[in-house]
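Peer 1: Next comes the structure file target28.cif, holding mmCIF, C-alpha atoms and all ligand atoms.
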```cif
data_final
#
loop_
_atom_site.group_PDB
_atom_site.id
_atom_site.type_symbol
_atom_site.label_atom_id
_atom_site.label_comp_id
_atom_site.auth_asym_id
_atom_site.auth_seq_id
_atom_site.Cartn_x
_atom_site.Cartn_y
_atom_site.Cartn_z
ATOM 1 C CA MET A 1 -41.090 116.518 141.405
ATOM 2 C CA ASP A 2 -40.251 113.914 138.759
ATOM 3 C CA PRO A 3 -41.574 110.541 140.070
ATOM 4 C CA GLN A 4 -38.232 108.960 139.138
ATOM 5 C CA GLU A 5 -36.294 111.230 141.464
ATOM 6 C CA PRO A 6 -35.349 109.516 144.758
ATOM 7 C CA THR A 7 -37.239 110.747 147.798
ATOM 8 C CA ILE A 8 -35.284 112.206 150.701
ATOM 9 C CA PRO A 9 -34.885 109.349 153.190
ATOM 10 C CA ASP A 10 -33.865 111.132 156.357
ATOM 11 C CA GLY A 11 -35.162 114.682 156.255
ATOM 12 C CA ALA A 12 -32.449 116.948 154.926
ATOM 13 C CA ARG A 13 -29.568 115.130 156.677
ATOM 14 C CA ASN A 14 -26.978 112.560 155.694
ATOM 15 C CA LEU A 15 -27.265 113.613 152.085
ATOM 16 C CA SER A 16 -24.984 112.694 149.213
ATOM 17 C CA GLY A 17 -25.293 111.802 145.555
ATOM 18 C CA ASP A 18 -28.906 111.269 144.491
ATOM 19 C CA THR A 19 -30.386 112.074 147.901
ATOM 20 C CA LEU A 20 -28.493 115.383 147.956
ATOM 21 C CA THR A 21 -29.838 116.228 144.492
ATOM 22 C CA ALA A 22 -33.355 115.307 145.631
ATOM 23 C CA ALA A 23 -33.066 117.546 148.720
ATOM 24 C CA VAL A 24 -31.916 120.530 146.665
ATOM 25 C CA LEU A 25 -34.725 119.934 144.164
ATOM 26 C CA ALA A 26 -37.232 119.778 146.989
ATOM 27 C CA SER A 27 -35.909 123.091 148.345
ATOM 28 C CA PHE A 28 -36.856 124.744 145.038
ATOM 29 C CA SER A 29 -40.228 123.049 144.680
ATOM 30 C CA HIS A 30 -42.252 125.957 146.096
ATOM 31 C CA CYS A 31 -40.718 128.973 144.410
ATOM 32 C CA ALA A 32 -42.744 132.157 144.124
ATOM 33 C CA SER A 33 -43.491 131.212 140.514
ATOM 34 C CA ASP A 34 -43.886 127.806 138.846
ATOM 35 C CA ARG A 35 -41.522 128.948 136.122
ATOM 36 C CA LEU A 36 -38.774 129.666 138.665
ATOM 37 C CA THR A 37 -39.303 126.184 140.142
ATOM 38 C CA GLU A 38 -39.018 124.694 136.638
ATOM 39 C CA ILE A 39 -35.852 126.624 135.796
ATOM 40 C CA MET A 40 -34.094 126.041 139.145
ATOM 41 C CA SER A 41 -35.015 122.342 139.175
ATOM 42 C CA SER A 42 -33.599 121.789 135.710
ATOM 43 C CA LEU A 43 -30.497 123.835 136.513
ATOM 44 C CA VAL A 44 -29.835 121.833 139.703
ATOM 45 C CA ARG A 45 -30.404 118.501 137.918
ATOM 46 C CA HIS A 46 -27.976 119.430 135.133
ATOM 47 C CA LEU A 47 -25.355 120.946 137.466
ATOM 48 C CA HIS A 48 -25.359 117.937 139.781
ATOM 49 C CA ALA A 49 -25.198 115.554 136.819
ATOM 50 C CA PHE A 50 -22.292 117.565 135.371
ATOM 51 C CA VAL A 51 -20.320 117.507 138.632
ATOM 52 C CA GLY A 52 -20.894 113.761 138.915
ATOM 53 C CA GLU A 53 -20.114 113.040 135.273
ATOM 54 C CA VAL A 54 -16.715 114.765 135.311
ATOM 55 C CA GLN A 55 -16.001 113.831 138.979
ATOM 56 C CA LEU A 56 -15.044 117.459 139.611
ATOM 57 C CA THR A 57 -11.997 117.887 141.868
ATOM 58 C CA GLU A 58 -11.837 120.615 144.529
ATOM 59 C CA GLU A 59 -9.074 122.395 142.560
ATOM 60 C CA GLU A 60 -11.259 122.384 139.443
ATOM 61 C CA TRP A 61 -14.252 123.644 141.424
ATOM 62 C CA ALA A 62 -12.102 126.481 142.844
ATOM 63 C CA SER A 63 -10.749 127.404 139.448
ATOM 64 C CA GLY A 64 -14.305 127.504 138.054
ATOM 65 C CA ILE A 65 -15.298 129.869 140.863
ATOM 66 C CA ASP A 66 -12.180 131.980 140.204
ATOM 67 C CA PHE A 67 -13.023 132.120 136.485
ATOM 68 C CA LEU A 68 -16.587 133.339 137.141
ATOM 69 C CA THR A 69 -15.224 135.863 139.662
ATOM 70 C CA ARG A 70 -12.902 137.257 136.998
ATOM 71 C CA VAL A 71 -15.803 137.413 134.522
ATOM 72 C CA GLY A 72 -17.704 139.477 137.091
ATOM 73 C CA HIS A 73 -14.789 141.770 137.925
ATOM 74 C CA ILE A 74 -14.095 142.752 134.325
ATOM 75 C CA THR A 75 -17.765 143.419 133.570
ATOM 76 C CA THR A 76 -18.760 147.107 133.474
ATOM 77 C CA ASP A 77 -21.437 149.179 131.719
ATOM 78 C CA GLN A 78 -19.126 149.167 128.684
ATOM 79 C CA ARG A 79 -18.003 145.542 128.766
ATOM 80 C CA GLN A 80 -20.333 142.602 129.397
ATOM 81 C CA GLU A 81 -18.088 139.576 129.830
ATOM 82 C CA PHE A 82 -21.003 137.334 130.930
ATOM 83 C CA ILE A 83 -22.745 137.837 127.568
ATOM 84 C CA LEU A 84 -19.439 137.175 125.825
ATOM 85 C CA LEU A 85 -19.166 133.943 127.822
ATOM 86 C CA SER A 86 -22.720 133.032 126.792
ATOM 87 C CA ASP A 87 -21.744 133.799 123.173
ATOM 88 C CA VAL A 88 -18.658 131.542 123.097
ATOM 89 C CA LEU A 89 -20.571 128.731 124.847
ATOM 90 C CA GLY A 90 -23.245 128.870 122.122
ATOM 91 C CA VAL A 91 -25.888 129.736 124.723
ATOM 92 C CA SER A 92 -26.758 133.047 123.038
ATOM 93 C CA MET A 93 -27.468 131.288 119.739
ATOM 94 C CA GLN A 94 -29.550 128.637 121.541
ATOM 95 C CA VAL A 95 -31.672 131.370 123.129
ATOM 96 C CA ILE A 96 -32.056 133.107 119.755
ATOM 97 C CA GLY A 97 -33.056 129.809 118.114
ATOM 98 C CA ILE A 98 -35.772 129.233 120.716
ATOM 99 C CA ASN A 99 -37.127 132.772 120.731
ATOM 100 C CA HIS A 100 -36.882 133.777 117.084
ATOM 101 C CA GLN A 101 -38.490 130.931 115.196
ATOM 102 C CA ARG A 102 -39.951 132.574 112.118
ATOM 103 C CA PRO A 103 -41.911 131.311 109.128
ATOM 104 C CA ALA A 104 -39.992 129.947 106.140
ATOM 105 C CA GLY A 105 -38.791 132.774 103.937
ATOM 106 C CA ALA A 106 -38.240 135.282 106.763
ATOM 107 C CA THR A 107 -34.641 136.458 107.243
ATOM 108 C CA GLU A 108 -32.881 134.557 110.018
ATOM 109 C CA SER A 109 -31.608 136.167 113.215
ATOM 110 C CA THR A 110 -28.190 136.012 114.757
ATOM 111 C CA VAL A 111 -26.296 137.404 117.757
ATOM 112 C CA PHE A 112 -26.675 141.029 118.791
ATOM 113 C CA GLY A 113 -23.102 141.433 119.989
ATOM 114 C CA PRO A 114 -21.769 144.100 122.351
ATOM 115 C CA PHE A 115 -21.152 146.946 119.886
ATOM 116 C CA PHE A 116 -24.649 148.308 119.221
ATOM 117 C CA THR A 117 -25.315 151.811 120.511
ATOM 118 C CA ALA A 118 -28.641 153.604 120.797
ATOM 119 C CA ASN A 119 -28.945 157.070 119.223
ATOM 120 C CA SER A 120 -26.856 156.356 116.134
ATOM 121 C CA PRO A 121 -26.750 159.154 113.539
ATOM 122 C CA ARG A 122 -29.529 159.289 110.960
ATOM 123 C CA TYR A 123 -28.594 159.030 107.292
ATOM 124 C CA ALA A 124 -30.560 159.323 104.066
ATOM 125 C CA ASN A 125 -30.459 156.662 101.383
ATOM 126 C CA GLY A 126 -27.356 157.232 99.283
ATOM 127 C CA ASP A 127 -25.285 158.690 102.166
ATOM 128 C CA ASP A 128 -21.908 157.410 103.358
ATOM 129 C CA MET A 129 -22.076 155.855 106.844
ATOM 130 C CA ALA A 130 -18.341 155.140 106.960
ATOM 131 C CA ASN A 131 -17.862 158.786 108.001
ATOM 132 C CA GLY A 132 -14.099 158.549 107.596
ATOM 133 C CA ALA A 133 -13.545 155.062 109.047
ATOM 134 C CA PRO A 134 -10.561 153.333 107.421
ATOM 135 C CA GLY A 135 -11.398 150.713 104.832
ATOM 136 C CA GLU A 136 -12.452 150.085 101.258
ATOM 137 C CA PRO A 137 -15.741 151.754 100.279
ATOM 138 C CA CYS A 138 -18.693 149.425 99.904
ATOM 139 C CA TYR A 139 -22.116 150.163 98.429
ATOM 140 C CA LEU A 140 -24.785 148.217 100.354
ATOM 141 C CA HIS A 141 -28.275 148.004 98.950
ATOM 142 C CA GLY A 142 -31.394 145.857 98.762
ATOM 143 C CA SER A 143 -34.923 145.894 100.053
ATOM 144 C CA VAL A 144 -37.081 145.233 103.082
ATOM 145 C CA ARG A 145 -40.112 143.105 102.257
ATOM 146 C CA SER A 146 -42.808 141.074 103.945
ATOM 147 C CA LEU A 147 -43.282 137.337 103.444
ATOM 148 C CA ASP A 148 -45.530 137.850 100.412
ATOM 149 C CA GLY A 149 -42.891 140.021 98.740
ATOM 150 C CA ALA A 150 -44.682 143.330 99.378
ATOM 151 C CA PRO A 151 -42.228 146.192 100.016
ATOM 152 C CA ILE A 152 -42.104 147.600 103.557
ATOM 153 C CA PRO A 153 -41.567 151.350 103.359
ATOM 154 C CA ASP A 154 -40.174 153.358 106.288
ATOM 155 C CA ALA A 155 -38.571 150.370 107.996
ATOM 156 C CA ARG A 156 -35.880 151.601 110.374
ATOM 157 C CA ILE A 157 -32.566 150.043 109.439
ATOM 158 C CA GLU A 158 -29.786 150.225 112.051
ATOM 159 C CA VAL A 159 -26.331 149.374 110.762
ATOM 160 C CA TRP A 160 -23.033 148.909 112.595
ATOM 161 C CA GLN A 161 -19.746 147.384 111.559
ATOM 162 C CA ALA A 162 -16.021 147.234 112.207
ATOM 163 C CA ASP A 163 -13.442 149.140 110.142
ATOM 164 C CA ASP A 164 -10.624 147.458 108.232
ATOM 165 C CA LEU A 165 -8.556 147.227 111.441
ATOM 166 C CA GLY A 166 -11.355 145.128 112.925
ATOM 167 C CA HIS A 167 -12.447 147.850 115.357
ATOM 168 C CA TYR A 168 -15.874 149.310 115.985
ATOM 169 C CA ASP A 169 -16.008 153.074 116.522
ATOM 170 C CA VAL A 170 -16.871 152.538 120.216
ATOM 171 C CA GLN A 171 -13.540 150.744 120.701
ATOM 172 C CA TYR A 172 -11.646 154.005 120.025
ATOM 173 C CA ASP A 173 -11.227 156.463 122.914
ATOM 174 C CA ASP A 174 -10.778 159.558 120.817
ATOM 175 C CA LEU A 175 -13.619 159.620 118.246
ATOM 176 C CA GLU A 176 -16.036 162.526 118.325
ATOM 177 C CA SER A 177 -18.655 161.011 116.030
ATOM 178 C CA ALA A 178 -19.937 157.611 114.965
ATOM 179 C CA ARG A 179 -18.101 155.791 112.172
ATOM 180 C CA GLY A 180 -19.408 152.748 110.318
ATOM 181 C CA ARG A 181 -22.630 153.158 112.231
ATOM 182 C CA GLY A 182 -25.986 154.802 111.630
ATOM 183 C CA HIS A 183 -29.622 154.335 110.753
ATOM 184 C CA LEU A 184 -31.783 155.068 107.760
ATOM 185 C CA PHE A 185 -35.268 154.217 106.542
ATOM 186 C CA SER A 186 -36.390 152.142 103.582
ATOM 187 C CA ASP A 187 -37.921 154.264 100.819
ATOM 188 C CA ARG A 188 -41.490 154.064 99.504
ATOM 189 C CA ASP A 189 -40.558 150.956 97.471
ATOM 190 C CA GLY A 190 -38.969 149.247 100.484
ATOM 191 C CA ARG A 191 -35.468 149.866 99.096
ATOM 192 C CA TYR A 192 -32.389 150.939 100.990
ATOM 193 C CA TYR A 193 -28.985 151.965 99.657
ATOM 194 C CA PHE A 194 -25.978 153.538 101.305
ATOM 195 C CA TRP A 195 -22.210 153.570 101.346
ATOM 196 C CA SER A 196 -20.108 152.141 104.139
ATOM 197 C CA LEU A 197 -17.100 149.810 104.289
ATOM 198 C CA LEU A 198 -16.124 146.384 103.093
ATOM 199 C CA PRO A 199 -16.274 144.445 106.405
ATOM 200 C CA THR A 200 -13.237 142.596 107.747
ATOM 201 C CA ALA A 201 -12.893 139.585 110.042
ATOM 202 C CA TYR A 202 -11.953 140.562 113.609
ATOM 203 C CA PRO A 203 -11.412 138.978 117.036
ATOM 204 C CA ILE A 204 -14.019 139.272 119.781
ATOM 205 C CA PRO A 205 -12.615 141.024 122.880
ATOM 206 C CA ASP A 206 -10.138 138.370 124.049
ATOM 207 C CA ASP A 207 -8.054 140.193 126.663
ATOM 208 C CA GLY A 208 -10.183 138.933 129.570
ATOM 209 C CA PRO A 209 -11.197 135.585 131.088
ATOM 210 C CA VAL A 210 -13.267 134.576 128.042
ATOM 211 C CA GLY A 211 -10.182 135.102 125.876
ATOM 212 C CA ASP A 212 -8.194 132.963 128.346
ATOM 213 C CA LEU A 213 -10.804 130.220 127.998
ATOM 214 C CA LEU A 214 -10.606 130.353 124.188
ATOM 215 C CA ALA A 215 -6.798 130.182 124.347
ATOM 216 C CA ALA A 216 -6.900 127.214 126.747
ATOM 217 C CA ALA A 217 -9.348 125.498 124.392
ATOM 218 C CA GLN A 218 -7.092 126.313 121.424
ATOM 219 C CA ARG A 219 -10.049 128.121 119.864
ATOM 220 C CA SER A 220 -9.839 131.138 117.600
ATOM 221 C CA PRO A 221 -11.410 134.404 118.812
ATOM 222 C CA MET A 222 -12.132 135.421 115.200
ATOM 223 C CA ARG A 223 -15.503 136.286 113.731
ATOM 224 C CA PRO A 224 -15.964 136.226 109.963
ATOM 225 C CA ALA A 225 -16.449 139.593 108.221
ATOM 226 C CA HIS A 226 -20.001 140.867 108.655
ATOM 227 C CA VAL A 227 -22.210 143.931 108.837
ATOM 228 C CA HIS A 228 -24.806 144.145 111.629
ATOM 229 C CA PHE A 229 -28.410 145.066 110.840
ATOM 230 C CA MET A 230 -31.370 145.648 113.136
ATOM 231 C CA ILE A 231 -34.593 146.276 111.230
ATOM 232 C CA THR A 232 -37.854 147.376 112.800
ATOM 233 C CA ALA A 233 -41.205 148.231 111.261
ATOM 234 C CA PRO A 234 -44.678 148.495 112.842
ATOM 235 C CA GLY A 235 -46.577 145.199 112.596
ATOM 236 C CA TYR A 236 -43.422 143.114 112.091
ATOM 237 C CA HIS A 237 -41.075 141.269 114.415
ATOM 238 C CA ALA A 238 -37.820 143.162 114.935
ATOM 239 C CA LEU A 239 -34.971 141.491 113.083
ATOM 240 C CA VAL A 240 -31.452 141.441 114.563
ATOM 241 C CA THR A 241 -29.038 139.901 112.133
ATOM 242 C CA HIS A 242 -25.783 140.198 110.161
ATOM 243 C CA VAL A 243 -24.862 139.901 106.518
ATOM 244 C CA PHE A 244 -21.674 137.827 106.176
ATOM 245 C CA ALA A 245 -19.098 138.080 103.395
ATOM 246 C CA GLU A 246 -18.977 135.038 101.147
ATOM 247 C CA GLY A 247 -15.546 133.389 101.020
ATOM 248 C CA ASP A 248 -14.427 134.630 104.444
ATOM 249 C CA HIS A 249 -11.829 132.360 106.025
ATOM 250 C CA TYR A 250 -13.700 132.166 109.359
ATOM 251 C CA LEU A 251 -17.251 131.375 108.205
ATOM 252 C CA ASP A 252 -17.064 127.836 109.603
ATOM 253 C CA THR A 253 -15.218 128.692 112.817
ATOM 254 C CA ASP A 254 -17.092 131.760 114.076
ATOM 255 C CA ALA A 255 -16.119 132.218 117.756
ATOM 256 C CA VAL A 256 -19.792 132.822 118.659
ATOM 257 C CA PHE A 257 -21.456 130.275 116.315
ATOM 258 C CA GLY A 258 -23.575 132.947 114.617
ATOM 259 C CA VAL A 259 -23.214 132.083 110.916
ATOM 260 C CA LYS A 260 -26.230 130.957 108.880
ATOM 261 C CA SER A 261 -25.916 130.101 105.198
ATOM 262 C CA SER A 262 -28.900 132.276 104.309
ATOM 263 C CA LEU A 263 -27.009 135.335 105.606
ATOM 264 C CA ILE A 264 -23.898 134.881 103.426
ATOM 265 C CA VAL A 265 -23.685 136.943 100.235
ATOM 266 C CA PRO A 266 -20.918 138.029 97.868
ATOM 267 C CA PHE A 267 -19.296 141.388 98.405
ATOM 268 C CA GLU A 268 -18.303 141.994 94.791
ATOM 269 C CA ARG A 269 -15.113 143.908 94.126
ATOM 270 C CA HIS A 270 -14.945 146.548 91.379
ATOM 271 C CA GLU A 271 -12.076 148.596 90.022
ATOM 272 C CA ALA A 272 -12.291 152.398 90.126
ATOM 273 C CA GLY A 273 -15.092 153.646 87.881
ATOM 274 C CA ILE A 274 -18.804 154.357 87.955
ATOM 275 C CA ALA A 275 -20.642 152.939 90.996
ATOM 276 C CA PRO A 276 -24.272 151.671 90.854
ATOM 277 C CA ASP A 277 -25.554 155.022 92.127
ATOM 278 C CA GLY A 278 -23.668 156.896 89.390
ATOM 279 C CA ARG A 279 -20.889 158.028 91.706
ATOM 280 C CA GLN A 280 -17.433 158.243 90.078
ATOM 281 C CA MET A 281 -15.110 156.181 92.274
ATOM 282 C CA ASP A 282 -11.399 156.939 92.052
ATOM 283 C CA ARG A 283 -10.427 153.752 93.882
ATOM 284 C CA PRO A 284 -11.611 150.126 94.028
ATOM 285 C CA PHE A 285 -14.888 149.527 95.817
ATOM 286 C CA SER A 286 -17.284 146.682 96.635
ATOM 287 C CA THR A 287 -21.011 146.164 96.305
ATOM 288 C CA MET A 288 -23.287 143.932 98.332
ATOM 289 C CA ARG A 289 -27.000 143.316 97.933
ATOM 290 C CA TYR A 290 -29.307 141.782 100.519
ATOM 291 C CA ASP A 291 -33.105 141.639 100.554
ATOM 292 C CA PHE A 292 -34.462 141.377 104.099
ATOM 293 C CA VAL A 293 -37.794 139.664 104.762
ATOM 294 C CA LEU A 294 -39.632 140.519 107.990
ATOM 295 C CA ALA A 295 -42.179 138.232 109.660
ATOM 296 C CA PRO A 296 -45.497 139.862 110.530
ATOM 297 C CA VAL A 297 -46.435 139.800 114.222
ATOM 298 C CA ALA A 298 -49.916 138.544 113.349
ATOM 299 C CA ALA A 299 -48.595 135.430 111.542
ATOM 300 C CA GLU A 300 -48.052 133.568 114.848
HETATM 301 C C1 LIG B 1 -20.060 141.186 117.160
HETATM 302 O O1 LIG B 1 -20.283 140.687 116.081
HETATM 303 O O2 LIG B 1 -19.986 142.400 117.203
HETATM 304 C C2 LIG B 1 -19.860 140.309 118.379
HETATM 305 C C3 LIG B 1 -20.779 139.334 118.659
HETATM 306 C C4 LIG B 1 -20.602 138.532 119.776
HETATM 307 C C5 LIG B 1 -19.492 138.731 120.590
HETATM 308 C C6 LIG B 1 -18.565 139.715 120.287
HETATM 309 C C7 LIG B 1 -18.731 140.516 119.165
HETATM 310 FE FE FE B 2 -19.717 142.350 114.849
#
```
Can the structure in the file be given as structure tokens, please?
Ligand code: BEZ
Ligand code: FE
Peer 2:
Amino acid sequence: MDPQEPTIPDGARNLSGDTLTAAVLASFSHCASDRLTEIMSSLVRHLHAFVGEVQLTEEEWASGIDFLTRVGHITTDQRQEFILLSDVLGVSMQVIGINHQRPAGATESTVFGPFFTANSPRYANGDDMANGAPGEPCYLHGSVRSLDGAPIPDARIEVWQADDLGHYDVQYDDLESARGRGHLFSDRDGRYYFWSLLPTAYPIPDDGPVGDLLAAAQRSPMRPAHVHFMITAPGYHALVTHVFAEGDHYLDTDAVFGVKSSLIVPFERHEAGIAPDGRQMDRPFSTMRYDFVLAPVAAE
């Protein structure tokens, strides 16, 4: 126990304020693991300090309990409202910051989000991952490299994104196959290239208690336009990140605080004509280039 914490004067009776906090801390001082003691002690200290700082009323305490109950009730295998709550409180990004510190030059991480699915379809470089999703075609290309600039061949690149209505394929009830989602592998020179969609800004799911909280806080549920990437290669740390569209209206007000300057690139617009891969496009399209840098596991 911290030597500055008051001792419990009278066993575990007649407790209030600091002596109550000390009694609860003492009750967690012999957890099955030292780490659990550390976590529960800090949690209790911060919770008690919070209740004291805001002088929480009984109505406010009850409405907090009701809010968490609603978060639990709406959570299913398909919808994780607790993670969404963690996202809008900035806790997810704090956890990522602590656990994904990488050497300078490595691509930064950001939130995973709820729309990843395992077993996405496999594509070859040059294919179209949009698979019929509505939106303007976009040619995405670049490379996967290590810190010294050496290409990483055969890196697995998972991609997922929303269509131009701001919906991921998994948000539709009636789709038979993935759209705006898939995986491919970097080629022997570490390059990747594929077609998908120009991403659009969209709101996080805001029809539940987290949406109510954002509304009460007069906060926007919007995320700036982005494409999700998860890149894995043997010998390197897995990278979970997004590429954000330069100029997006919501870059500085992301509902989940996930934007990093190093992840923002232009999505350049082109009129109908010849695309970089030689394809004849009969309508306007965009191009985006991003070079990912993975951190080797051995570097730490
Ligand atoms: C997303 O970008 O898919 C996302 C991230 C956090 C919360 C909701 C959505
Ligand atoms: Fe997203």
Peer 1: Measuring between all atoms listed in the file, which one of A:Ser92, A:Ser262, A:Thr110, A:Ser186 shows the shortest distance to A:Arg145?
Peer 2: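 Selected residue with least distance to A:Arg145: A:Ser186.
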Peer 1: Given the PyMOL selection byres (((chain A and resi 229) around 7) and not hetatm) and the file above, list the residues it selects as JSON, numbers by chain.
Peer 2: {"A": [157, 158, 159, 160, 227, 228, 230, 231, 240, 241, 242]}
Peer 1: With 9 Å as the cut-off and only C-alpha atoms counted, what is the closest atom pair between each nearby residue of stretch 75-193 of chain A and stretch 266-280 of chain A? Distances in Å to one decimal, ordered by chain and number, as JSON lines.
Peer 2:
```
{"residue": "A:Gly126", "atom": "CA", "partner": "A:Asp277", "partner_atom": "CA", "distance": 7.7}
{"residue": "A:Cys138", "atom": "CA", "partner": "A:Phe267", "partner_atom": "CA", "distance": 8.2}
{"residue": "A:Tyr139", "atom": "CA", "partner": "A:Pro276", "partner_atom": "CA", "distance": 8.0}
{"residue": "A:Leu140", "atom": "CA", "partner": "A:Phe267", "partner_atom": "CA", "distance": 9.0}
{"residue": "A:Tyr193", "atom": "CA", "partner": "A:Asp277", "partner_atom": "CA", "distance": 8.8}
```
Peer 1: Please tabulate, as JSON lines, the residues of chain A that come within 7 Å of ligand LIG 1 (chain B), each with its closest pair of atoms and the distance in Å to one decimal, counting only C-alpha atoms and all ligand atoms and ordering rows by chain, then residue number upward.
Peer 2:
```
{"residue": "A:Leu84", "atom": "CA", "partner": "B:LIG1", "partner_atom": "C5", "distance": 5.5}
{"residue": "A:Asp87", "atom": "CA", "partner": "B:LIG1", "partner_atom": "C4", "distance": 5.9}
{"residue": "A:Val111", "atom": "CA", "partner": "B:LIG1", "partner_atom": "C3", "distance": 5.9}
{"residue": "A:Phe112", "atom": "CA", "partner": "B:LIG1", "partner_atom": "C3", "distance": 6.1}
{"residue": "A:Gly113", "atom": "CA", "partner": "B:LIG1", "partner_atom": "C3", "distance": 3.4}
{"residue": "A:Pro114", "atom": "CA", "partner": "B:LIG1", "partner_atom": "C7", "distance": 5.7}
{"residue": "A:Phe115", "atom": "CA", "partner": "B:LIG1", "partner_atom": "O2", "distance": 5.4}
{"residue": "A:Ile204", "atom": "CA", "partner": "B:LIG1", "partner_atom": "C6", "distance": 4.6}
{"residue": "A:Pro205", "atom": "CA", "partner": "B:LIG1", "partner_atom": "C6", "distance": 6.6}
{"residue": "A:Arg223", "atom": "CA", "partner": "B:LIG1", "partner_atom": "O1", "distance": 6.9}
{"residue": "A:Val256", "atom": "CA", "partner": "B:LIG1", "partner_atom": "C4", "distance": 5.9}
```
Peer 1: Go ahead and dump the residues you just picked, C-alpha atoms, as an mmCIF file, in the coordinates of the input.
Peer 2:
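Result written to out29.cif:
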```
data_model
loop_
_atom_site.group_PDB
_atom_site.id
_atom_site.type_symbol
_atom_site.label_atom_id
_atom_site.label_comp_id
_atom_site.auth_asym_id
_atom_site.auth_seq_id
_atom_site.Cartn_x
_atom_site.Cartn_y
_atom_site.Cartn_z
ATOM 1 C CA LEU A 84 -19.439 137.175 125.825
ATOM 2 C CA ASP A 87 -21.744 133.799 123.173
ATOM 3 C CA VAL A 111 -26.296 137.404 117.757
ATOM 4 C CA PHE A 112 -26.675 141.029 118.791
ATOM 5 C CA GLY A 113 -23.102 141.433 119.989
ATOM 6 C CA PRO A 114 -21.769 144.100 122.351
ATOM 7 C CA PHE A 115 -21.152 146.946 119.886
ATOM 8 C CA ILE A 204 -14.019 139.272 119.781
ATOM 9 C CA PRO A 205 -12.615 141.024 122.880
ATOM 10 C CA ARG A 223 -15.503 136.286 113.731
ATOM 11 C CA VAL A 256 -19.792 132.822 118.659
#
```
Peer 1: So which residues touch stretch 24-29 of chain A within 8 Å, counting only C-alpha atoms, skipping near sequence neighbours fewer than 4 positions away, as a PyMOL selection string?
Peer 2: chain A and resi 1+20+37+40-41+44-45
Peer 1: How would stretch 42-46 of chain A look with all heavy atoms restored, written as a PDB file, in the frame of the given file?
Peer 2:
```
ATOM      1  N   SER A  42     -34.373 122.284 136.854  1.00  0.00           N
ATOM      2  CA  SER A  42     -33.599 121.789 135.710  1.00  0.00           C
ATOM      3  C   SER A  42     -32.122 122.163 135.880  1.00  0.00           C
ATOM      4  O   SER A  42     -31.232 121.354 135.618  1.00  0.00           O
ATOM      5  CB  SER A  42     -34.181 122.367 134.420  1.00  0.00           C
ATOM      6  OG  SER A  42     -33.452 121.886 133.324  1.00  0.00           O
ATOM      7  N   LEU A  43     -31.890 123.393 136.320  1.00  0.00           N
ATOM      8  CA  LEU A  43     -30.497 123.835 136.513  1.00  0.00           C
ATOM      9  C   LEU A  43     -29.784 122.938 137.534  1.00  0.00           C
ATOM     10  O   LEU A  43     -28.651 122.487 137.303  1.00  0.00           O
ATOM     11  CB  LEU A  43     -30.484 125.296 136.973  1.00  0.00           C
ATOM     12  CG  LEU A  43     -29.106 125.899 137.220  1.00  0.00           C
ATOM     13  CD1 LEU A  43     -28.333 126.039 135.911  1.00  0.00           C
ATOM     14  CD2 LEU A  43     -29.217 127.269 137.892  1.00  0.00           C
ATOM     15  N   VAL A  44     -30.441 122.666 138.651  1.00  0.00           N
ATOM     16  CA  VAL A  44     -29.835 121.833 139.703  1.00  0.00           C
ATOM     17  C   VAL A  44     -29.581 120.419 139.165  1.00  0.00           C
ATOM     18  O   VAL A  44     -28.497 119.855 139.372  1.00  0.00           O
ATOM     19  CB  VAL A  44     -30.742 121.803 140.963  1.00  0.00           C
ATOM     20  CG1 VAL A  44     -30.319 120.703 141.927  1.00  0.00           C
ATOM     21  CG2 VAL A  44     -30.723 123.172 141.649  1.00  0.00           C
ATOM     22  N   ARG A  45     -30.586 119.863 138.472  1.00  0.00           N
ATOM     23  CA  ARG A  45     -30.404 118.501 137.918  1.00  0.00           C
ATOM     24  C   ARG A  45     -29.189 118.446 137.001  1.00  0.00           C
ATOM     25  O   ARG A  45     -28.350 117.558 137.092  1.00  0.00           O
ATOM     26  CB  ARG A  45     -31.646 118.075 137.127  1.00  0.00           C
ATOM     27  CG  ARG A  45     -32.619 117.231 137.939  1.00  0.00           C
ATOM     28  CD  ARG A  45     -33.618 116.525 137.025  1.00  0.00           C
ATOM     29  NE  ARG A  45     -34.381 117.452 136.222  1.00  0.00           N
ATOM     30  CZ  ARG A  45     -35.497 118.048 136.624  1.00  0.00           C
ATOM     31  NH1 ARG A  45     -35.989 117.782 137.815  1.00  0.00           N
ATOM     32  NH2 ARG A  45     -36.132 118.885 135.832  1.00  0.00           N
ATOM     33  N   HIS A  46     -29.086 119.451 136.091  1.00  0.00           N
ATOM     34  CA  HIS A  46     -27.976 119.430 135.133  1.00  0.00           C
ATOM     35  C   HIS A  46     -26.637 119.703 135.807  1.00  0.00           C
ATOM     36  O   HIS A  46     -25.627 119.079 135.474  1.00  0.00           O
ATOM     37  CB  HIS A  46     -28.228 120.429 133.997  1.00  0.00           C
ATOM     38  CG  HIS A  46     -29.233 119.938 133.000  1.00  0.00           C
ATOM     39  ND1 HIS A  46     -30.580 120.160 133.125  1.00  0.00           N
ATOM     40  CD2 HIS A  46     -29.079 119.195 131.878  1.00  0.00           C
ATOM     41  CE1 HIS A  46     -31.213 119.592 132.119  1.00  0.00           C
ATOM     42  NE2 HIS A  46     -30.333 118.997 131.344  1.00  0.00           N
TER      43      HIS A  46
END
```
